[in-house]
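K.L.:
Before I ask anything, let me first share the structure, which is written out below as structure tokens.
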Amino acid sequence: FDNASPLVVGGNYQGYIGEFRMTKGKAFHLTNFTVPYQPYSYKSYYGYQIDDTDREAARANISPLPGRGPVLGCAVFDGDVFGVRDDLGEGTSTLYRSSALSWVAQTNKINEGGNYRWSIGQYAYLPGRAKQKTLFWASGVDHPQYLDGDVVTDVIDGSFLPDDPLTDFYANNIVEFKNRLFLGYPDGSLIVSAAEDPLNFDPASGAGEFYMEDDIVDLVVGPGDVLFVFCRTSTYIIRSLADTDSGSGIVAQYKFHKETFSKQTGALPRTSQNIMGTILSMSDKGITSLEASDTFGDFTLGYLSKNIHRTLMKYKDTITTTVVHRVNNQYRMFFESGLGLVFSFNNEKKVKGVTKIQYEYPVVCISEGYDSSGNLMIAFGSTNGFMYLMDSGTSFDGEDIVTKLTTSYNSYSSPSLFKRFRKLSLELNADKNFKIYGYLSFDYGDPGVPRSDQEDFISEGEGGIWGVDSWSLFTYGSAVTQSPTLYTSGYGKNMSISITSKDKHSKPHVVNAAVVEYTVAGQVM
């Protein structure tokens with residue numbers, strides 16, 4: 001078939017009409033016709049088949065970081081994604097920067113292995129450069145380093161840093177706080193650079209050192225000009241005191257004071273995060289929160305994970321990393337099995353709920369930042385050497401996204417009254433004709449009370465906002481939130497709602513609420 005020639009369907013066409021499809025202006029004659037078995041939403045089976053062909057061809061051009069083993073660390077900096085992976089058989093690692101075509105190696109090798117922590121600070125005194133943001137990192141297997149253009153450079157200052165290559169003793173934590181670079185060491189040492197000079201650790205220039213009585217596992221900047229130092233079984237606070245003039249009138253010199261917050265509660269590595277001014281971390285007792293109290297300068301300790309305590313205790317020794325989604329107010333925790341837990345918070349900093357997710361490839365390192373347009377971007381690396389962008393696209397690495405939501409059993413007006421449930425409407429944000437499968441279960445799933453048959457909710461598609469959305473990407477004249485309806489005839493004292501979906505082409509959907517219509521039938525005697 002030639003697109004430039006007319007197509008005649010009739011006597012000149014040989015074969016069953018069911019074997020002929022036109023998609024996107026192209027004609028396909030499929031001699032081996034297969035009856036569609038997958039329930040898709042608003043596109044034909046062949047539309048999806050051709051789309052997948054195009055998508056997989058594009059995906060074939062995506063490559064992992066060169067080298068071997070898992071991605072050791074990743075960072076979002078200056079609108080780009082950076083990743084570290086061991087080299088093939090050389091005993092070294094390389095830092096790579098993302099580009100439109102491939103991964104670009106940043107020059108100079110670094111020691112293999114490691115567990116990377118990153119810090120982005122804006123300093124005035126990097127040699128020969130104006131004040132600008134700079135990417136620093138500590139790995140625990142090499143000197144602290146930073147990116148100077150496209151060159152990886154060690155932070156070495158004579159004998160002032162306690163690094164010891166003979167015993168592989170290096171900093172394993174790093175953070176920028178009050179125009180200084182703080183380096184944490186496994187033995188509890190916390191080294192502080194001179195003000196606005198992250199390469200100067202000379203005590204005569206204002207650098208210094210604190211000593212913790214436990215191994216340092218995390219450094220997090222908190223509210224109220226404090227730095228939280230999390231150790232394995234204890235927690236400390238580095239408090240910034242009154243600043244003084246250095247004499248030049250430019251550089252602020254801060255005094256610091258160490259306080260012991262707790263000798264009983266510490267944190268597991270890579271679990272401490274700042275979300276909405278509250279410091280969250282995972283300890284042996286569960287997820288703890290540290291937030292400023294009504295008393296000036298004090299902090300209170302709380303526990304947030306009692307509803308999933310057994311799950312956390314089962315998997316706590318397999319935690320790989322955590323991240324905060326600052327737009328959605330979420331704290332996300334990941335495990336070696338590919339399991340992830342998403343804790344969502346409301347504006348009052350209370351947990352709204354916890355969602356379980358499962359990746360085929362586990363999240364072993366993760367970073368939050370912004371792309372060149374200022375949009376939030378979360379990148380993570382996995383055991384297969386690939387880097388991924390979280391919350392982007394419509395699929396899980398090209399595969400269907402399967403979702404399931406099951407509510408608790410709600411007794412509505414009274415737990416002792418029988419009701420006849422007649423209608424269920426969802427408040428849904430989704431693509432046009434997006435399909436959700438739903439069913440209802442009554443009386444705590446009592447087998448003597450049959451649940452409803454599985455039914456389909458079909459979204460009419462979201463409406464757009466004039467001047468904001470793009471044509472062809474929304475349903476003209478439609479509301480932003482749709483209310484697909486399921487009519488049912490169920491009978492019981494209470495009801496649970498289960499809804500599922502399976503799709504890899506539609507954008508993410510949001511179920512905002514469910515409206516249930518019922519009539520009261522009578523009281524249990």
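Following the order of the structure tokens, chains are lettered A, B, ..., residues in each are numbered from 1, and ligands are numbered from 1.
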Given only C-alpha atoms, how would the per-residue table for region 166-254 of chain A near region 269-277 of chain A read, listing every residue at most 8 Å away with its closest atom pair and distance in Å to one decimal, sorted by chain and number, as CSV?

P.N.:
residue,atom,partner,partner_atom,distance
A:Val217,CA,A:Pro269,CA,5.0
A:Asp218,CA,A:Pro269,CA,6.2
A:Leu219,CA,A:Ser272,CA,7.7
A:Val220,CA,A:Gln273,CA,6.6
A:Val221,CA,A:Asn274,CA,7.3
A:Gly222,CA,A:Asn274,CA,6.6
A:Pro223,CA,A:Gly277,CA,5.7
A:Phe230,CA,A:Ser272,CA,7.9
A:Arg232,CA,A:Pro269,CA,7.8

K.L.:
Sorted by chain and rising residue number, which residues of region 353-453 of chain A lie within 12 Å of region 60-84 of chain A, and what are their closest atom pairs and distances in Å to one decimal, counting only C-alpha atoms, as a tab-separated table?

P.N.:
residue	atom	partner	partner_atom	distance
A:Tyr361	CA	A:Pro70	CA	10.5
A:Pro362	CA	A:Pro70	CA	10.1
A:Val363	CA	A:Val71	CA	9.6
A:Val364	CA	A:Val71	CA	7.3
A:Cys365	CA	A:Gly73	CA	5.5
A:Ile366	CA	A:Cys74	CA	6.0
A:Ser367	CA	A:Ala75	CA	5.1
A:Glu368	CA	A:Val76	CA	6.2
A:Gly369	CA	A:Val76	CA	5.1
A:Tyr370	CA	A:Gly79	CA	5.8
A:Asp371	CA	A:Gly79	CA	4.0
A:Ser372	CA	A:Gly79	CA	4.5
A:Ser373	CA	A:Gly79	CA	7.9
A:Gly374	CA	A:Gly79	CA	8.1
A:Asn375	CA	A:Gly79	CA	9.3
A:Leu376	CA	A:Gly79	CA	9.9
A:Met377	CA	A:Val76	CA	7.7
A:Ile378	CA	A:Val76	CA	7.6
A:Ala379	CA	A:Val76	CA	7.0
A:Phe380	CA	A:Cys74	CA	6.6
A:Gly381	CA	A:Val71	CA	5.2
A:Ser382	CA	A:Val71	CA	5.8
A:Thr383	CA	A:Pro70	CA	3.9
A:Asn384	CA	A:Pro70	CA	5.7
A:Gly385	CA	A:Pro70	CA	5.0
A:Phe386	CA	A:Pro64	CA	4.2
A:Met387	CA	A:Pro64	CA	6.8
A:Tyr388	CA	A:Pro64	CA	9.7
A:Leu389	CA	A:Val81	CA	9.5
A:Asp397	CA	A:Ile62	CA	11.1
A:Gly398	CA	A:Ala60	CA	11.0

K.L.:
For a quick check of understanding, using only C-alpha atoms, which of A:Asp298, A:Ser506, A:Leu95, A:Thr519 has the smallest distance to Asp400 (chain A)?

P.N.:
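The shortest atom-to-atom distance to Asp400 (chain A) comes from A:Ser506.
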
K.L.:
How many Å separate CA of Asp87 (chain A) from CA of Gly140 (chain A)?

P.N.:
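So the two atoms, CA of Asp87 (chain A) and CA of Gly140 (chain A), lie 17.5 Å apart.
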
K.L.:
At what distance in Å, to one decimal, does CA of Gly492 (chain A) lie from CA of Tyr439 (chain A)?

P.N.:
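Computing it gives 14.5 Å between the two atoms.
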
K.L.:
Could you pull out all residues of region 284-440 of chain A with a DSSP call of helix (DSSP H, G or I) and give them as number ranges by chain?

P.N.:
A: 306-318

K.L.:
What would the file look like if the residues just selected were written as a short mmCIF file (atom, residue, chain, number, x, y, z; two decimals), in the first residue's frame with all heavy atoms?

P.N.:
data_model
loop_
_atom_site.label_atom_id
_atom_site.label_comp_id
_atom_site.auth_asym_id
_atom_site.auth_seq_id
_atom_site.Cartn_x
_atom_site.Cartn_y
_atom_site.Cartn_z
N LYS A 306 3.15 4.41 63.68
CA LYS A 306 2.54 3.34 64.48
C LYS A 306 1.58 2.49 63.67
O LYS A 306 1.41 1.29 63.96
CB LYS A 306 1.81 3.94 65.68
CG LYS A 306 0.68 4.90 65.33
CD LYS A 306 0.04 5.45 66.61
CE LYS A 306 -1.11 6.40 66.28
NZ LYS A 306 -1.74 6.94 67.51
N ASN A 307 0.95 3.07 62.63
CA ASN A 307 -0.02 2.29 61.84
C ASN A 307 0.64 1.26 60.93
O ASN A 307 -0.03 0.33 60.47
CB ASN A 307 -0.89 3.23 61.01
CG ASN A 307 -1.82 4.06 61.88
OD1 ASN A 307 -2.16 3.66 62.98
ND2 ASN A 307 -2.21 5.22 61.39
N ILE A 308 1.91 1.41 60.64
CA ILE A 308 2.61 0.43 59.80
C ILE A 308 3.89 -0.02 60.51
O ILE A 308 4.88 -0.35 59.85
CB ILE A 308 2.94 1.01 58.42
CG1 ILE A 308 3.79 2.28 58.55
CG2 ILE A 308 1.70 1.28 57.61
CD1 ILE A 308 4.42 2.68 57.24
N HIS A 309 3.86 -0.04 61.82
CA HIS A 309 5.06 -0.34 62.60
C HIS A 309 5.62 -1.73 62.28
O HIS A 309 6.83 -1.90 62.12
CB HIS A 309 4.74 -0.23 64.09
CG HIS A 309 5.93 -0.46 64.97
ND1 HIS A 309 6.92 0.48 65.13
CD2 HIS A 309 6.30 -1.54 65.73
CE1 HIS A 309 7.85 0.01 65.95
NE2 HIS A 309 7.49 -1.21 66.33
N ARG A 310 4.76 -2.73 62.14
CA ARG A 310 5.23 -4.09 61.90
C ARG A 310 5.93 -4.20 60.54
O ARG A 310 6.95 -4.88 60.41
CB ARG A 310 4.05 -5.06 61.98
CG ARG A 310 3.44 -5.16 63.36
CD ARG A 310 2.18 -5.99 63.38
NE ARG A 310 2.43 -7.37 62.98
CZ ARG A 310 1.47 -8.28 62.86
NH1 ARG A 310 0.21 -7.94 63.11
NH2 ARG A 310 1.76 -9.51 62.50
N THR A 311 5.39 -3.52 59.53
CA THR A 311 6.02 -3.55 58.21
C THR A 311 7.39 -2.90 58.26
O THR A 311 8.37 -3.43 57.71
CB THR A 311 5.13 -2.83 57.18
OG1 THR A 311 3.88 -3.50 57.09
CG2 THR A 311 5.79 -2.82 55.81
N LEU A 312 7.50 -1.75 58.90
CA LEU A 312 8.78 -1.05 58.98
C LEU A 312 9.81 -1.86 59.76
O LEU A 312 10.99 -1.93 59.38
CB LEU A 312 8.59 0.31 59.63
CG LEU A 312 7.99 1.41 58.74
CD1 LEU A 312 7.80 2.69 59.53
CD2 LEU A 312 8.86 1.67 57.53
N MET A 313 9.41 -2.47 60.85
CA MET A 313 10.35 -3.25 61.64
C MET A 313 10.84 -4.48 60.86
O MET A 313 11.97 -4.91 61.01
CB MET A 313 9.68 -3.70 62.95
CG MET A 313 9.40 -2.57 63.92
SD MET A 313 10.89 -1.63 64.43
CE MET A 313 10.75 -0.16 63.40
N LYS A 314 9.99 -5.01 59.99
CA LYS A 314 10.37 -6.18 59.20
C LYS A 314 11.42 -5.83 58.16
O LYS A 314 12.34 -6.62 57.91
CB LYS A 314 9.13 -6.76 58.52
CG LYS A 314 9.41 -7.97 57.65
CD LYS A 314 8.13 -8.50 57.02
CE LYS A 314 8.41 -9.70 56.12
NZ LYS A 314 7.15 -10.22 55.49
N TYR A 315 11.33 -4.63 57.57
CA TYR A 315 12.19 -4.28 56.45
C TYR A 315 13.22 -3.20 56.78
O TYR A 315 13.96 -2.78 55.88
CB TYR A 315 11.33 -3.79 55.26
CG TYR A 315 10.43 -4.84 54.68
CD1 TYR A 315 9.05 -4.78 54.85
CD2 TYR A 315 10.95 -5.89 53.93
CE1 TYR A 315 8.22 -5.74 54.30
CE2 TYR A 315 10.13 -6.86 53.38
CZ TYR A 315 8.76 -6.78 53.56
OH TYR A 315 7.94 -7.73 53.02
N LYS A 316 13.30 -2.75 58.02
CA LYS A 316 14.13 -1.58 58.33
C LYS A 316 15.61 -1.80 58.02
O LYS A 316 16.32 -0.84 57.70
CB LYS A 316 13.96 -1.19 59.80
CG LYS A 316 14.56 -2.14 60.82
CD LYS A 316 14.32 -1.65 62.24
CE LYS A 316 14.94 -2.58 63.27
NZ LYS A 316 16.42 -2.58 63.22
N ASP A 317 16.09 -3.03 58.09
CA ASP A 317 17.50 -3.29 57.81
C ASP A 317 17.80 -3.38 56.32
O ASP A 317 18.96 -3.61 55.94
CB ASP A 317 17.94 -4.59 58.49
CG ASP A 317 17.91 -4.49 60.01
OD1 ASP A 317 18.14 -3.38 60.52
OD2 ASP A 317 17.64 -5.51 60.66
N THR A 318 16.79 -3.21 55.47
CA THR A 318 17.00 -3.26 54.02
C THR A 318 16.71 -1.92 53.36
O THR A 318 16.57 -1.86 52.13
CB THR A 318 16.12 -4.35 53.38
OG1 THR A 318 14.73 -3.99 53.51
CG2 THR A 318 16.36 -5.70 54.04
#

K.L.:
When you draw a straight line from CA of Phe228 (chain A) to CA of Gly114 (chain A), how long is it in Å?

P.N.:
22.9 Å

K.L.:
Report as number ranges by chain all protein, DNA and RNA residues lying within 9 Å of Gln358 (chain A), evaluated on only C-alpha atoms, omitting residues in the same chain fewer than 3 positions from it.

P.N.:
A: 337-341, 361-362

K.L.:
Pick out the closest residue to Lys255 (chain A) from this set: A:Gly184, A:Ile436, A:Asn329, A:Lys178. Count only C-alpha atoms.

P.N.:
A:Lys178

K.L.:
Pick from A:Asn115, A:Ser501, A:Ser159, A:Thr300: nearest to Ala171 (chain A), with only C-alpha atoms counted?

P.N.:
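Under the stated criterion, the closest residue is A:Asn115.
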